[in-house]
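Source file: entry33.txt. Holds: compact mmCIF, C-alpha atoms.
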```txt
# COMPACT_ATOMS: atom_id res chain seq x y z
CA MET A 1 -15.08 -71.66 -149.73
CA ASN A 2 -18.90 -71.92 -149.50
CA PHE A 3 -18.52 -73.60 -146.09
CA ARG A 4 -16.52 -70.62 -144.80
CA ILE A 5 -19.16 -68.20 -146.05
CA ILE A 6 -21.88 -70.18 -144.25
CA ILE A 7 -19.89 -70.11 -140.99
CA TYR A 8 -19.31 -66.35 -141.32
CA LEU A 9 -23.00 -65.61 -142.00
CA THR A 10 -24.04 -67.80 -139.07
CA ALA A 11 -21.69 -65.91 -136.76
CA VAL A 12 -23.06 -62.58 -137.97
CA ILE A 13 -26.67 -63.71 -137.37
CA ILE A 14 -25.87 -64.98 -133.86
CA SER A 15 -24.02 -61.76 -133.07
CA SER A 16 -26.88 -59.62 -134.34
CA HIS A 17 -29.35 -61.52 -132.14
CA GLY A 18 -27.05 -61.27 -129.13
CA MET A 19 -26.53 -57.53 -129.46
CA MET A 20 -29.71 -55.89 -130.68
CA ALA A 21 -29.29 -52.25 -131.65
CA GLN A 22 -30.93 -49.84 -129.24
CA LYS A 23 -33.05 -46.86 -130.19
CA LEU A 24 -32.93 -44.14 -127.58
CA SER A 25 -34.79 -40.86 -127.38
CA LEU A 26 -33.58 -37.85 -125.42
CA GLN A 27 -36.38 -38.28 -122.89
CA GLU A 28 -35.41 -41.91 -122.30
CA CYS A 29 -31.79 -40.88 -121.73
CA LEU A 30 -32.86 -38.19 -119.25
CA THR A 31 -35.01 -40.67 -117.34
CA LEU A 32 -32.31 -43.36 -117.28
CA ALA A 33 -29.64 -40.90 -116.15
CA GLU A 34 -31.80 -39.76 -113.24
CA GLN A 35 -32.53 -43.35 -112.24
CA GLU A 36 -28.84 -44.27 -112.40
CA SER A 37 -27.75 -41.32 -110.29
CA PRO A 38 -27.12 -42.03 -106.57
CA LEU A 39 -28.84 -38.69 -105.96
CA ALA A 40 -32.20 -40.28 -106.83
CA LYS A 41 -31.99 -42.40 -103.67
CA GLN A 42 -31.67 -39.25 -101.58
CA LYS A 43 -35.15 -38.16 -102.68
CA LEU A 44 -36.60 -41.31 -101.10
CA TYR A 45 -34.65 -40.66 -97.90
CA PHE A 46 -35.99 -37.12 -97.68
CA GLU A 47 -39.56 -38.37 -98.14
CA SER A 48 -39.01 -40.81 -95.27
CA MET A 49 -37.45 -38.08 -93.13
CA GLU A 50 -40.44 -35.82 -93.77
CA ALA A 51 -42.93 -38.43 -92.55
CA LEU A 52 -40.89 -39.37 -89.48
CA THR A 53 -40.19 -35.77 -88.48
CA GLN A 54 -43.87 -34.82 -88.72
CA LYS A 55 -44.78 -37.75 -86.48
CA ASN A 56 -42.15 -36.74 -83.95
CA VAL A 57 -43.35 -33.14 -83.80
CA SER A 58 -47.03 -34.18 -83.65
CA SER A 59 -46.26 -36.38 -80.66
CA GLY A 60 -45.78 -33.16 -78.67
CA PHE A 61 -49.57 -33.06 -78.19
CA LEU A 62 -49.75 -36.63 -76.91
CA PRO A 63 -49.94 -37.18 -73.13
CA THR A 64 -46.67 -37.93 -71.37
CA PHE A 65 -46.36 -40.57 -68.64
CA SER A 66 -43.44 -40.80 -66.26
CA ILE A 67 -42.70 -42.80 -63.12
CA ASN A 68 -40.69 -41.00 -60.47
CA GLY A 69 -39.40 -42.37 -57.20
CA GLN A 70 -37.47 -40.97 -54.29
CA ALA A 71 -35.97 -42.35 -51.08
CA SER A 72 -34.35 -39.93 -48.66
CA TYR A 73 -33.17 -39.42 -45.12
CA GLN A 74 -33.63 -35.96 -43.68
CA SER A 75 -31.63 -34.35 -40.88
CA ASP A 76 -34.75 -32.75 -39.50
CA VAL A 77 -38.54 -33.04 -39.85
CA PHE A 78 -41.53 -31.17 -38.60
CA SER A 79 -42.58 -32.10 -35.07
CA PHE A 80 -45.38 -31.06 -32.71
CA PRO A 81 -44.70 -29.71 -29.23
CA ASN A 82 -45.41 -32.19 -26.45
CA ASN A 83 -49.06 -32.09 -25.43
CA PRO A 84 -50.41 -34.56 -22.86
CA ALA A 85 -53.92 -34.05 -24.28
CA PHE A 86 -53.21 -36.08 -27.41
CA ASP A 87 -50.53 -38.17 -28.99
CA SER A 88 -48.85 -36.25 -31.81
CA PRO A 89 -47.59 -38.31 -34.75
CA ILE A 90 -43.87 -38.73 -35.16
CA ILE A 91 -42.84 -37.96 -38.73
CA PRO A 92 -40.02 -40.28 -39.79
CA LYS A 93 -36.77 -38.88 -41.07
CA ASP A 94 -36.51 -41.64 -43.69
CA GLN A 95 -39.11 -40.99 -46.38
CA TYR A 96 -40.15 -42.91 -49.49
CA ARG A 97 -42.45 -42.22 -52.39
CA ILE A 98 -43.14 -43.36 -55.96
CA THR A 99 -45.47 -41.55 -58.36
CA LEU A 100 -47.00 -41.78 -61.81
CA ASP A 101 -47.06 -38.31 -63.40
CA VAL A 102 -49.30 -37.55 -66.39
CA GLN A 103 -49.17 -34.35 -68.43
CA GLN A 104 -51.40 -33.44 -71.39
CA LYS A 105 -50.72 -30.32 -73.42
CA ILE A 106 -53.88 -28.29 -74.03
CA TYR A 107 -52.53 -25.13 -75.64
CA ASP A 108 -48.99 -24.29 -76.71
CA GLY A 109 -49.49 -21.00 -78.54
CA GLY A 110 -49.14 -22.65 -81.96
CA LEU A 111 -45.66 -23.98 -81.14
CA THR A 112 -46.31 -27.53 -82.40
CA LYS A 113 -48.09 -26.33 -85.54
CA ASN A 114 -45.33 -23.88 -86.44
CA LYS A 115 -42.63 -26.42 -85.62
CA LYS A 116 -44.23 -28.87 -88.08
CA ILE A 117 -44.28 -26.16 -90.75
CA ALA A 118 -40.65 -25.24 -90.03
CA GLU A 119 -39.45 -28.86 -90.15
CA SER A 120 -41.35 -29.46 -93.37
CA ALA A 121 -39.77 -26.34 -94.90
CA ARG A 122 -36.31 -27.39 -93.71
CA ILE A 123 -36.54 -30.83 -95.29
CA ALA A 124 -38.04 -29.36 -98.47
CA ASN A 125 -35.07 -27.02 -98.62
CA GLU A 126 -32.60 -29.92 -98.30
CA SER A 127 -34.54 -31.93 -100.87
CA SER A 128 -34.46 -28.99 -103.29
CA THR A 129 -30.66 -29.08 -103.32
CA VAL A 130 -30.90 -32.63 -104.67
CA GLU A 131 -33.30 -31.45 -107.38
CA VAL A 132 -30.75 -28.82 -108.40
CA ASP A 133 -28.02 -31.45 -108.73
CA LEU A 134 -30.31 -33.78 -110.68
CA TYR A 135 -31.23 -30.99 -113.06
CA GLU A 136 -27.56 -30.36 -113.76
CA ILE A 137 -27.35 -33.99 -114.86
CA LYS A 138 -30.21 -33.34 -117.31
CA GLU A 139 -28.29 -30.42 -118.78
CA THR A 140 -25.19 -32.61 -119.22
CA ILE A 141 -27.19 -35.41 -120.87
CA THR A 142 -28.88 -32.98 -123.27
CA GLN A 143 -25.51 -31.59 -124.40
CA LEU A 144 -24.04 -35.08 -124.79
CA PHE A 145 -27.09 -36.35 -126.67
CA PHE A 146 -27.05 -33.60 -129.30
CA SER A 147 -23.26 -33.67 -129.69
CA THR A 148 -23.45 -37.41 -130.38
CA LEU A 149 -26.45 -36.94 -132.64
CA ILE A 150 -24.57 -34.47 -134.85
CA TYR A 151 -21.82 -37.03 -135.48
CA GLN A 152 -24.40 -39.77 -136.06
CA GLU A 153 -26.25 -37.76 -138.71
CA ASN A 154 -23.03 -36.57 -140.37
CA ILE A 155 -21.87 -40.17 -140.68
CA ILE A 156 -25.16 -41.05 -142.39
CA ILE A 157 -24.63 -38.22 -144.90
CA LEU A 158 -21.03 -39.29 -145.55
CA ARG A 159 -22.04 -42.93 -146.04
CA ASN A 160 -24.69 -41.89 -148.54
CA LEU A 161 -22.02 -39.85 -150.32
CA LEU A 162 -19.72 -42.87 -150.30
CA THR A 163 -22.46 -44.97 -151.89
CA ASP A 164 -23.03 -42.35 -154.60
CA LEU A 165 -19.29 -42.10 -155.29
CA GLY A 166 -19.07 -45.88 -155.57
CA GLU A 167 -21.86 -45.98 -158.15
CA GLN A 168 -20.34 -43.12 -160.12
CA ARG A 169 -16.92 -44.77 -160.00
CA LYS A 170 -18.41 -47.84 -161.68
CA LYS A 171 -19.75 -45.67 -164.48
CA ILE A 172 -16.36 -44.00 -164.91
CA GLU A 173 -14.64 -47.42 -164.90
CA ALA A 174 -16.91 -48.50 -167.74
CA GLN A 175 -16.10 -45.33 -169.66
CA VAL A 176 -12.35 -45.84 -169.10
CA ALA A 177 -12.67 -49.45 -170.30
CA ASN A 178 -14.42 -48.22 -173.44
CA GLY A 179 -11.79 -45.53 -173.99
CA MET A 180 -14.29 -42.73 -173.53
CA VAL A 181 -12.38 -41.00 -170.68
CA LEU A 182 -8.82 -40.99 -169.46
CA PRO A 183 -7.72 -43.26 -166.54
CA GLY A 184 -6.78 -40.14 -164.55
CA ASN A 185 -10.48 -39.37 -164.18
CA LEU A 186 -10.98 -42.66 -162.33
CA LEU A 187 -8.06 -41.91 -160.01
CA ALA A 188 -9.74 -38.69 -158.85
CA PHE A 189 -12.83 -40.65 -157.81
CA LYS A 190 -10.76 -43.22 -155.93
CA LYS A 191 -8.96 -40.43 -154.10
CA GLN A 192 -12.27 -38.82 -153.14
CA ILE A 193 -13.63 -42.15 -151.88
CA LEU A 194 -10.57 -42.59 -149.64
CA SER A 195 -11.02 -39.06 -148.32
CA VAL A 196 -14.69 -39.71 -147.43
CA GLU A 197 -13.77 -43.01 -145.77
CA GLN A 198 -11.22 -41.11 -143.69
CA GLN A 199 -13.87 -38.57 -142.65
CA ILE A 200 -16.24 -41.38 -141.66
CA LEU A 201 -13.52 -43.05 -139.59
CA SER A 202 -12.72 -39.81 -137.77
CA ALA A 203 -16.41 -39.08 -137.11
CA GLU A 204 -17.00 -42.63 -135.85
CA MET A 205 -14.12 -42.34 -133.37
CA GLU A 206 -15.63 -39.13 -131.98
CA GLN A 207 -19.05 -40.77 -131.92
CA VAL A 208 -17.72 -43.79 -130.00
CA ALA A 209 -16.13 -41.55 -127.36
CA LEU A 210 -19.35 -39.57 -126.88
CA LEU A 211 -21.48 -42.73 -126.81
CA ASP A 212 -19.21 -44.17 -124.15
CA MET A 213 -19.69 -41.09 -121.96
CA LEU A 214 -23.44 -41.10 -122.55
CA GLY A 215 -23.62 -44.82 -121.80
CA GLN A 216 -21.88 -44.33 -118.46
CA TRP A 217 -24.44 -41.70 -117.48
CA ILE A 218 -27.47 -43.81 -118.39
CA GLY A 219 -26.11 -47.22 -117.37
CA ARG A 220 -26.12 -48.73 -120.88
CA ASP A 221 -23.41 -50.12 -123.13
CA LEU A 222 -23.69 -48.05 -126.32
CA ASP A 223 -21.87 -48.34 -129.62
CA THR A 224 -22.25 -47.02 -133.16
CA ALA A 225 -24.88 -49.67 -133.93
CA ASP A 226 -27.23 -47.92 -131.51
CA GLU A 227 -29.41 -45.13 -132.83
CA LEU A 228 -30.18 -41.88 -131.08
CA GLN A 229 -33.55 -40.70 -132.30
CA VAL A 230 -33.80 -37.17 -133.63
CA PRO A 231 -36.44 -35.30 -131.58
CA ASN A 232 -39.41 -34.33 -133.72
CA GLY A 233 -42.42 -32.11 -133.30
CA ASP A 234 -42.71 -28.55 -132.10
CA LEU A 235 -41.76 -27.77 -128.52
CA PRO A 236 -43.60 -25.28 -126.27
CA ILE A 237 -40.53 -23.09 -125.84
CA TYR A 238 -42.24 -19.77 -125.20
CA GLN A 239 -42.96 -20.12 -121.49
CA SER A 240 -44.19 -17.17 -119.43
CA GLU A 241 -42.76 -18.42 -116.13
CA ILE A 242 -39.33 -19.74 -115.19
CA ASP A 243 -39.58 -22.61 -112.72
CA ARG A 244 -36.09 -24.02 -112.37
CA PRO A 245 -34.94 -26.08 -109.34
CA GLU A 246 -32.58 -23.26 -108.29
CA ILE A 247 -35.55 -20.90 -108.02
CA ARG A 248 -37.61 -23.47 -106.16
CA LEU A 249 -34.66 -23.94 -103.79
CA LEU A 250 -34.55 -20.22 -102.96
CA LYS A 251 -38.32 -20.11 -102.55
CA SER A 252 -38.16 -23.04 -100.14
CA GLN A 253 -35.44 -21.19 -98.19
CA ASP A 254 -37.71 -18.14 -98.00
CA ARG A 255 -40.57 -20.30 -96.68
CA TYR A 256 -38.22 -21.82 -94.11
CA TRP A 257 -37.15 -18.46 -92.69
CA GLU A 258 -40.78 -17.30 -92.66
CA SER A 259 -41.72 -20.40 -90.68
CA MET A 260 -38.87 -19.72 -88.26
CA LYS A 261 -40.26 -16.21 -87.65
CA LYS A 262 -43.64 -17.67 -86.73
CA LEU A 263 -41.97 -20.33 -84.58
CA SER A 264 -40.12 -17.60 -82.72
CA GLU A 265 -43.43 -15.81 -82.07
CA SER A 266 -44.94 -19.01 -80.64
CA GLY A 267 -42.27 -19.13 -77.94
CA THR A 268 -43.61 -15.94 -76.33
CA ARG A 269 -47.18 -17.18 -75.93
CA PRO A 270 -48.68 -18.86 -72.83
CA MET A 271 -48.77 -22.65 -72.58
CA LEU A 272 -51.39 -24.68 -70.72
CA TRP A 273 -51.29 -28.32 -69.58
CA ALA A 274 -53.64 -30.66 -67.74
CA VAL A 275 -51.61 -32.46 -65.09
CA ALA A 276 -52.24 -35.38 -62.77
CA GLN A 277 -50.19 -37.32 -60.27
CA GLY A 278 -50.88 -40.46 -58.31
CA GLY A 279 -48.65 -42.53 -56.09
CA VAL A 280 -47.81 -43.99 -52.72
CA GLY A 281 -45.52 -42.62 -50.07
CA GLN A 282 -44.39 -42.88 -46.48
CA PRO A 283 -45.31 -40.45 -45.06
CA ASN A 284 -48.12 -39.29 -47.33
CA THR A 285 -46.78 -36.54 -49.60
CA TYR A 286 -49.85 -34.34 -49.18
CA ASN A 287 -50.69 -35.28 -45.59
CA PHE A 288 -47.53 -35.62 -43.51
CA LEU A 289 -49.62 -36.52 -40.45
CA GLU A 290 -50.31 -39.85 -42.13
CA THR A 291 -46.96 -41.45 -41.46
CA ASP A 292 -47.78 -44.96 -42.69
CA LEU A 293 -47.49 -46.00 -46.33
CA SER A 294 -50.54 -44.56 -48.11
CA ASP A 295 -51.66 -43.47 -51.55
CA PHE A 296 -52.30 -39.95 -52.81
CA TYR A 297 -53.13 -38.09 -56.03
CA PHE A 298 -53.89 -34.70 -57.50
CA ILE A 299 -55.29 -33.35 -60.79
CA GLY A 300 -55.15 -29.82 -62.08
CA LEU A 301 -53.98 -27.32 -64.67
CA LYS A 302 -50.52 -25.91 -65.23
CA LEU A 303 -49.84 -22.54 -66.87
CA SER A 304 -46.48 -21.30 -68.15
CA TRP A 305 -45.92 -17.87 -69.68
CA GLN A 306 -42.60 -16.14 -70.07
CA LEU A 307 -43.48 -12.46 -69.77
CA PHE A 308 -40.06 -11.02 -70.57
CA ASP A 309 -37.33 -12.34 -72.87
CA TYR A 310 -35.29 -9.13 -72.92
CA GLY A 311 -35.90 -8.65 -76.66
CA ASN A 312 -34.50 -12.04 -77.73
CA GLY A 313 -37.64 -12.98 -79.66
CA ARG A 314 -37.78 -9.63 -81.46
CA ARG A 315 -34.12 -9.84 -82.44
CA GLU A 316 -34.56 -13.43 -83.68
CA LYS A 317 -37.41 -12.28 -85.93
CA GLU A 318 -35.21 -9.48 -87.28
CA ILE A 319 -32.43 -11.98 -88.01
CA TYR A 320 -34.85 -14.26 -89.88
CA ALA A 321 -36.25 -11.27 -91.78
CA ALA A 322 -32.69 -10.30 -92.79
CA ARG A 323 -32.07 -13.84 -94.03
CA GLN A 324 -35.28 -13.60 -96.06
CA GLY A 325 -34.00 -10.37 -97.56
CA ILE A 326 -30.78 -12.09 -98.63
CA VAL A 327 -32.76 -14.93 -100.21
CA GLN A 328 -35.03 -12.47 -102.04
CA SER A 329 -32.05 -10.60 -103.49
CA LYS A 330 -30.54 -13.90 -104.68
CA LEU A 331 -33.88 -14.84 -106.21
CA GLU A 332 -34.14 -11.56 -108.11
CA HIS A 333 -30.55 -11.88 -109.37
CA LEU A 334 -31.08 -15.48 -110.47
CA THR A 335 -34.38 -14.70 -112.20
CA ASP A 336 -32.80 -11.79 -114.10
CA ASN A 337 -29.94 -14.04 -115.24
CA PHE A 338 -32.31 -16.71 -116.52
CA ASP A 339 -34.44 -14.08 -118.27
CA ARG A 340 -31.36 -12.82 -120.11
CA LYS A 341 -30.30 -16.37 -121.02
CA LEU A 342 -33.78 -17.12 -122.30
CA THR A 343 -33.82 -13.98 -124.45
CA ARG A 344 -30.48 -14.97 -126.01
CA GLU A 345 -31.73 -18.50 -126.65
CA TYR A 346 -34.92 -17.21 -128.29
CA MET A 347 -32.72 -15.16 -130.64
CA GLU A 348 -30.65 -18.28 -131.35
CA VAL A 349 -33.82 -20.20 -132.24
CA ARG A 350 -34.96 -17.50 -134.67
CA LYS A 351 -31.47 -17.31 -136.23
CA LEU A 352 -31.32 -21.08 -136.77
CA GLU A 353 -34.83 -21.15 -138.22
CA ALA A 354 -33.68 -18.60 -140.81
CA LEU A 355 -30.49 -20.57 -141.53
CA VAL A 356 -32.43 -23.80 -142.06
CA ALA A 357 -34.74 -22.05 -144.53
CA LYS A 358 -31.72 -20.79 -146.48
CA ASP A 359 -30.11 -24.24 -146.31
CA GLU A 360 -33.18 -25.71 -148.03
CA GLU A 361 -32.93 -23.19 -150.87
CA LEU A 362 -29.18 -23.61 -151.30
CA LEU A 363 -29.38 -27.40 -151.25
CA LEU A 364 -32.15 -27.43 -153.84
CA MET A 365 -30.01 -25.33 -156.19
CA GLN A 366 -26.86 -27.35 -155.52
CA ASN A 367 -28.66 -30.63 -156.27
CA GLN A 368 -29.48 -29.29 -159.73
CA ILE A 369 -25.90 -28.08 -160.20
CA VAL A 370 -24.48 -31.51 -159.27
CA ALA A 371 -26.87 -33.32 -161.62
CA SER A 372 -25.83 -31.00 -164.45
CA ALA A 373 -22.14 -31.36 -163.55
CA PHE A 374 -22.30 -35.15 -163.68
CA SER A 375 -23.89 -34.99 -167.13
CA GLN A 376 -21.09 -32.65 -168.24
CA LEU A 377 -18.49 -34.98 -166.73
CA SER A 378 -19.96 -37.95 -168.59
CA ASN A 379 -19.72 -36.00 -171.83
CA GLY A 380 -16.17 -34.83 -171.13
CA VAL A 381 -17.12 -31.17 -170.80
CA ILE A 382 -15.66 -30.77 -167.29
CA THR A 383 -12.93 -32.57 -165.36
CA PRO A 384 -13.55 -34.94 -162.42
CA THR A 385 -11.97 -32.34 -160.13
CA GLU A 386 -14.58 -29.78 -161.14
CA TYR A 387 -17.39 -32.29 -160.64
CA LEU A 388 -16.07 -33.44 -157.26
CA SER A 389 -15.82 -29.83 -156.16
CA GLU A 390 -19.55 -29.40 -156.80
CA LEU A 391 -20.26 -32.72 -155.11
CA ASN A 392 -18.28 -31.64 -152.04
CA SER A 393 -20.27 -28.41 -151.94
CA GLN A 394 -23.48 -30.43 -152.02
CA THR A 395 -22.26 -32.64 -149.17
CA GLN A 396 -21.20 -29.63 -147.12
CA LEU A 397 -24.62 -28.05 -147.63
CA GLU A 398 -26.31 -31.26 -146.49
CA VAL A 399 -24.06 -31.37 -143.42
CA ASN A 400 -24.73 -27.69 -142.68
CA ARG A 401 -28.47 -28.22 -143.03
CA LYS A 402 -28.42 -31.22 -140.69
CA ILE A 403 -26.24 -29.41 -138.15
CA HIS A 404 -28.50 -26.35 -138.23
CA LEU A 405 -31.58 -28.54 -137.80
CA LEU A 406 -30.07 -30.33 -134.82
CA LYS A 407 -28.77 -27.09 -133.31
CA LEU A 408 -32.24 -25.61 -133.75
CA LYS A 409 -33.74 -28.53 -131.88
CA GLN A 410 -31.02 -28.24 -129.25
CA ALA A 411 -31.72 -24.51 -128.87
CA GLN A 412 -35.40 -25.31 -128.36
CA TYR A 413 -34.49 -27.80 -125.65
CA ASN A 414 -32.17 -25.19 -124.15
CA CYS A 415 -35.19 -22.90 -123.85
CA LEU A 416 -37.07 -25.66 -122.03
CA ASN A 417 -34.01 -26.21 -119.87
CA ILE A 418 -33.77 -22.53 -118.90
CA THR A 419 -37.46 -22.36 -118.00
CA GLY A 420 -37.22 -25.58 -115.96
CA LYS A 421 -39.50 -27.61 -118.25
CA LEU A 422 -36.86 -30.09 -119.42
```

Take the structure in the file and write it out as C-alpha cells.
Amino acid sequence: MNFRIIIYLTAVIISSHGMMAQKLSLQECLTLAEQESPLAKQKLYFESMEALTQKNVSSGFLPTFSINGQASYQSDVFSFPNNPAFDSPIIPKDQYRITLDVQQKIYDGGLTKNKKIAESARIANESSTVEVDLYEIKETITQLFFSTLIYQENIIILRNLLTDLGEQRKKIEAQVANGMVLPGNLLAFKKQILSVEQQILSAEMEQVALLDMLGQWIGRDLDTADELQVPNGDLPIYQSEIDRPEIRLLKSQDRYWESMKKLSESGTRPMLWAVAQGGVGQPNTYNFLETDLSDFYFIGLKLSWQLFDYGNGRREKEIYAARQGIVQSKLEHLTDNFDRKLTREYMEVRKLEALVAKDEELLLMQNQIVASAFSQLSNGVITPTEYLSELNSQTQLEVNRKIHLLKLKQAQYNCLNITGKL
C-alpha cells in the first residue's frame, strides 16, 4: 500500500515538473496573438517594399547609359553634281553606326519628389489595412480573455464554498453522532456539496473550451492549471483623441489622394536634361562628307514641355479631390460612431463602479447574516435549508461582485480599445 502511494506521488511530482502552470496577463496574450498571426509577416514585407520602391523612384535622377547601333542600306543618298574642278565624295548606301548615349535629368518639375511621396502613401495605405486586421485580433483576444477570466474566478469562489461546506459538514456529522441534530440535517449539506461540485464541473468545461480557443490564438497549450492574471491598477480611459487603425487607414488614403494631385500637377511642368552622345559611324553621322569610319560626339541640353493636355490634368485633380471628399465623409462617419461607442462605454464604466460599491455593502451584510445563521443552525434554531439559503445568497453576492469587477475592468479596456490605445 505504502509502495503504491510512493509511486503515485512520484508520478505527480514528475508531471508537475513537466507541465508547469503558466501565468498570463492580457498584455502578454495580445502580444503573443499578434506574433502568431500570419498578418505580422506582412508588416515586414511592406517595410521592405517601402525601401525598395523609394530606391527605384530615386533612381530616376541617376544618369542613364544606353548603347545603340544601326546598320542600314538606303535606296538613295545625297550626291554632288559632277564637277571636274574637284573630286566629290561618294556617300555609300550601306551605312553603319554605334553610339553611347548618356542622359542626366536636371529638372523634372518635382515629378520624382511627388512620385516618392505618392508611393510612400500608397504603401502606407496598404500597410494600414494590415493594422486594422491585427487590431481586430486584439479585440477578439480581449473578449476571450475576460470571458475565460470570469469562469476562472467563479470556479475559485465555488471551490472556496466547497471547502467551507466540507468543514461545516464535519461539524454537523459530529453533532449527528452525538445526537444533537437529526441525520436529515447532514443530508441537506451533502446535497448542497454535490450541487456545488456540479456547478464547478460545468464551469470548468466552459473554461476548458475558452482556454482552448485562446491557446490557439496565442500559440500555447492552455488548460485549467494555467492562470490568467486579473488586470490591476487604474487605466487611462478618458482619452481626448481617438486614434484607431481604421482612422489611420482613412487618413493615409487622404494623404495618398493628395499626393496624387501633386503628382498630376508635376506632369504639366517643363523637364530639362543634359544629354551627350559619342560613337563611331561610316559615314560620320554629323559629317556625311567623311565617308570612312570615324568617331563623333555631341553634348547639350534637352527641354520637354507639354503645353496643352486638353484639360486632362485638371480633370485628374478633380477626380482625386472627389476621392478625398469620399474619404473625408467616411472619416467623419467613423469618428462619430466611435464617439458614440465611447460615450456608451463611459456610462457602462460608471454603472459598474456603482454596482461594485453596492456589492461590497451587500456582501458585508450577508457575511454577518451567514455567521449568525450558522450559529442558529448549530443551536437548532433554524433548519439546514434556511442556513444553506443564506449561504447560497452569500455565494451569489460574491460571484456578482467578482463578475462586476471583471466587467468593470473589461469596460475600461473597451474604452482603450475604442480610442485605439489597446

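If you measure from each of A:Asn154, A:Thr343, A:Gln376, A:Asn284 to His404 in chain A using all atoms listed in the file, the closest one turns out to be A:Asn154.
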
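The coordinates place CA of Leu62 in chain A at 26.2 Å from CA of Arg97 in chain A.
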
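Nearest-residue note for Arg159 in chain A: choosing from A:Leu39, A:Leu249, A:Ala188, A:Ala203, the minimum distance belongs to A:Ala203, counting all atoms listed in the file.
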
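Between CA of Ile156 in chain A and CA of Val399 in chain A lies a distance of 9.8 Å.
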
Selection near range 140-146 of chain A, 10 Å with all atoms listed in the file, sequence-local residues under 5 positions removed, as a ChimeraX atom specification:
/A:24-27,29-30,33-34,135,151-152,210-211,213-214,217-218,228-231,403,406-407,409-410,413-414,417,422

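For the atom pair formed by CA of Gln253 in chain A and CA of Met49 in chain A, the distance is 17.7 Å, given to one decimal.
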
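The residue that comes closest to Ala118 in chain A, out of A:Thr53, A:Asn337, A:Thr291, A:Gln412 and on the basis of all atoms listed in the file, is A:Thr53.
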
For Leu363 in chain A, list every protein, DNA or RNA residue within 10 Å, evaluated using all atoms listed in the file, and leave out those in the same chain fewer than 3 positions away; present the list as number ranges by chain.
A: 358-360, 366-369, 393-398, 400-401

Kindly provide the residues of range 265-299 of chain A that approach range 101-116 of chain A to within 7 Å, each paired with its closest atom pair and their distance in Å to one decimal, based on only C-alpha atoms, listed by chain and increasing number, as a Markdown table.
```
| residue | atom | partner | partner_atom | distance |
| --- | --- | --- | --- | --- |
| A:Ser266 | CA | A:Leu111 | CA | 5.0 |
| A:Gly267 | CA | A:Leu111 | CA | 6.7 |
| A:Arg269 | CA | A:Gly109 | CA | 5.2 |
| A:Pro270 | CA | A:Gly109 | CA | 6.2 |
| A:Met271 | CA | A:Asp108 | CA | 4.4 |
| A:Leu272 | CA | A:Tyr107 | CA | 5.1 |
| A:Trp273 | CA | A:Lys105 | CA | 4.4 |
| A:Ala274 | CA | A:Gln104 | CA | 5.1 |
| A:Val275 | CA | A:Gln103 | CA | 4.5 |
| A:Ala276 | CA | A:Val102 | CA | 5.1 |
| A:Gln277 | CA | A:Asp101 | CA | 4.5 |
| A:Gly278 | CA | A:Asp101 | CA | 6.7 |
```

Contacts of Asp339 in chain A at 12 Å or less, counting all atoms listed in the file, minus same-chain residues fewer than 2 places along, as number ranges by chain?
A: 238-244, 332-337, 341-346, 415, 418-419

Could you name the residues that touch Gly69 in chain A at 8 Å or less, counting all atoms listed in the file, but leaving out those on the same chain fewer than 2 positions away, as a PDB file with C-alpha atoms, in the frame of the given file?
```pdb
ATOM      1  CA  ILE A  67     -42.700 -42.800 -63.120  1.00  0.00           C
ATOM      2  CA  ALA A  71     -35.970 -42.350 -51.080  1.00  0.00           C
ATOM      3  CA  TYR A  96     -40.150 -42.910 -49.490  1.00  0.00           C
ATOM      4  CA  ARG A  97     -42.450 -42.220 -52.390  1.00  0.00           C
ATOM      5  CA  ILE A  98     -43.140 -43.360 -55.960  1.00  0.00           C
ATOM      6  CA  THR A  99     -45.470 -41.550 -58.360  1.00  0.00           C
TER       7      THR A  99
END
```

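Every polymer residue reaching to within 10 Å of (-47.0, -15.3, -68.4), counting all atoms listed in the file, appears in this list: Thr268, Arg269, Pro270, Met271, Leu303, Ser304, Trp305, Gln306, Leu307 and Phe308 of chain A.
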
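The smallest atom-to-atom distance between Leu186 in chain A and any of A:Leu377, A:Lys302, A:Asp94, A:Glu47, using only C-alpha atoms, is found for A:Leu377.
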
Let me make sure I understand: among A:Val196, A:Leu161, A:Ile237, A:Ala321, which one has the smallest atom-to-atom distance to Leu391 in chain A if we use all atoms listed in the file?
A:Leu161

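Residue nearest Ala209 in chain A, chosen from A:Tyr310, A:Ala121, A:Thr148, A:Ser195 and counting only C-alpha atoms: A:Thr148.
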
Missing atoms of range 250-257 of chain A rebuilt to N, CA and C atoms, written as a short mmCIF file (atom, residue, chain, number, x, y, z; two decimals), in the coordinates of the input:
```
data_model
loop_
_atom_site.label_atom_id
_atom_site.label_comp_id
_atom_site.auth_asym_id
_atom_site.auth_seq_id
_atom_site.Cartn_x
_atom_site.Cartn_y
_atom_site.Cartn_z
N LEU A 250 -34.53 -21.51 -103.67
CA LEU A 250 -34.55 -20.22 -102.96
C LEU A 250 -35.93 -19.93 -102.38
N LYS A 251 -36.98 -20.32 -103.09
CA LYS A 251 -38.32 -20.11 -102.55
C LYS A 251 -38.55 -20.97 -101.31
N SER A 252 -38.01 -22.18 -101.32
CA SER A 252 -38.16 -23.04 -100.14
C SER A 252 -37.36 -22.47 -98.96
N GLN A 253 -36.21 -21.84 -99.25
CA GLN A 253 -35.44 -21.19 -98.19
C GLN A 253 -36.23 -20.01 -97.60
N ASP A 254 -36.89 -19.27 -98.48
CA ASP A 254 -37.71 -18.14 -98.00
C ASP A 254 -38.84 -18.64 -97.11
N ARG A 255 -39.49 -19.73 -97.51
CA ARG A 255 -40.57 -20.30 -96.68
C ARG A 255 -40.02 -20.79 -95.34
N TYR A 256 -38.81 -21.33 -95.36
CA TYR A 256 -38.22 -21.82 -94.11
C TYR A 256 -37.99 -20.67 -93.13
N TRP A 257 -37.40 -19.58 -93.60
CA TRP A 257 -37.15 -18.46 -92.69
C TRP A 257 -38.45 -17.81 -92.23
#
```
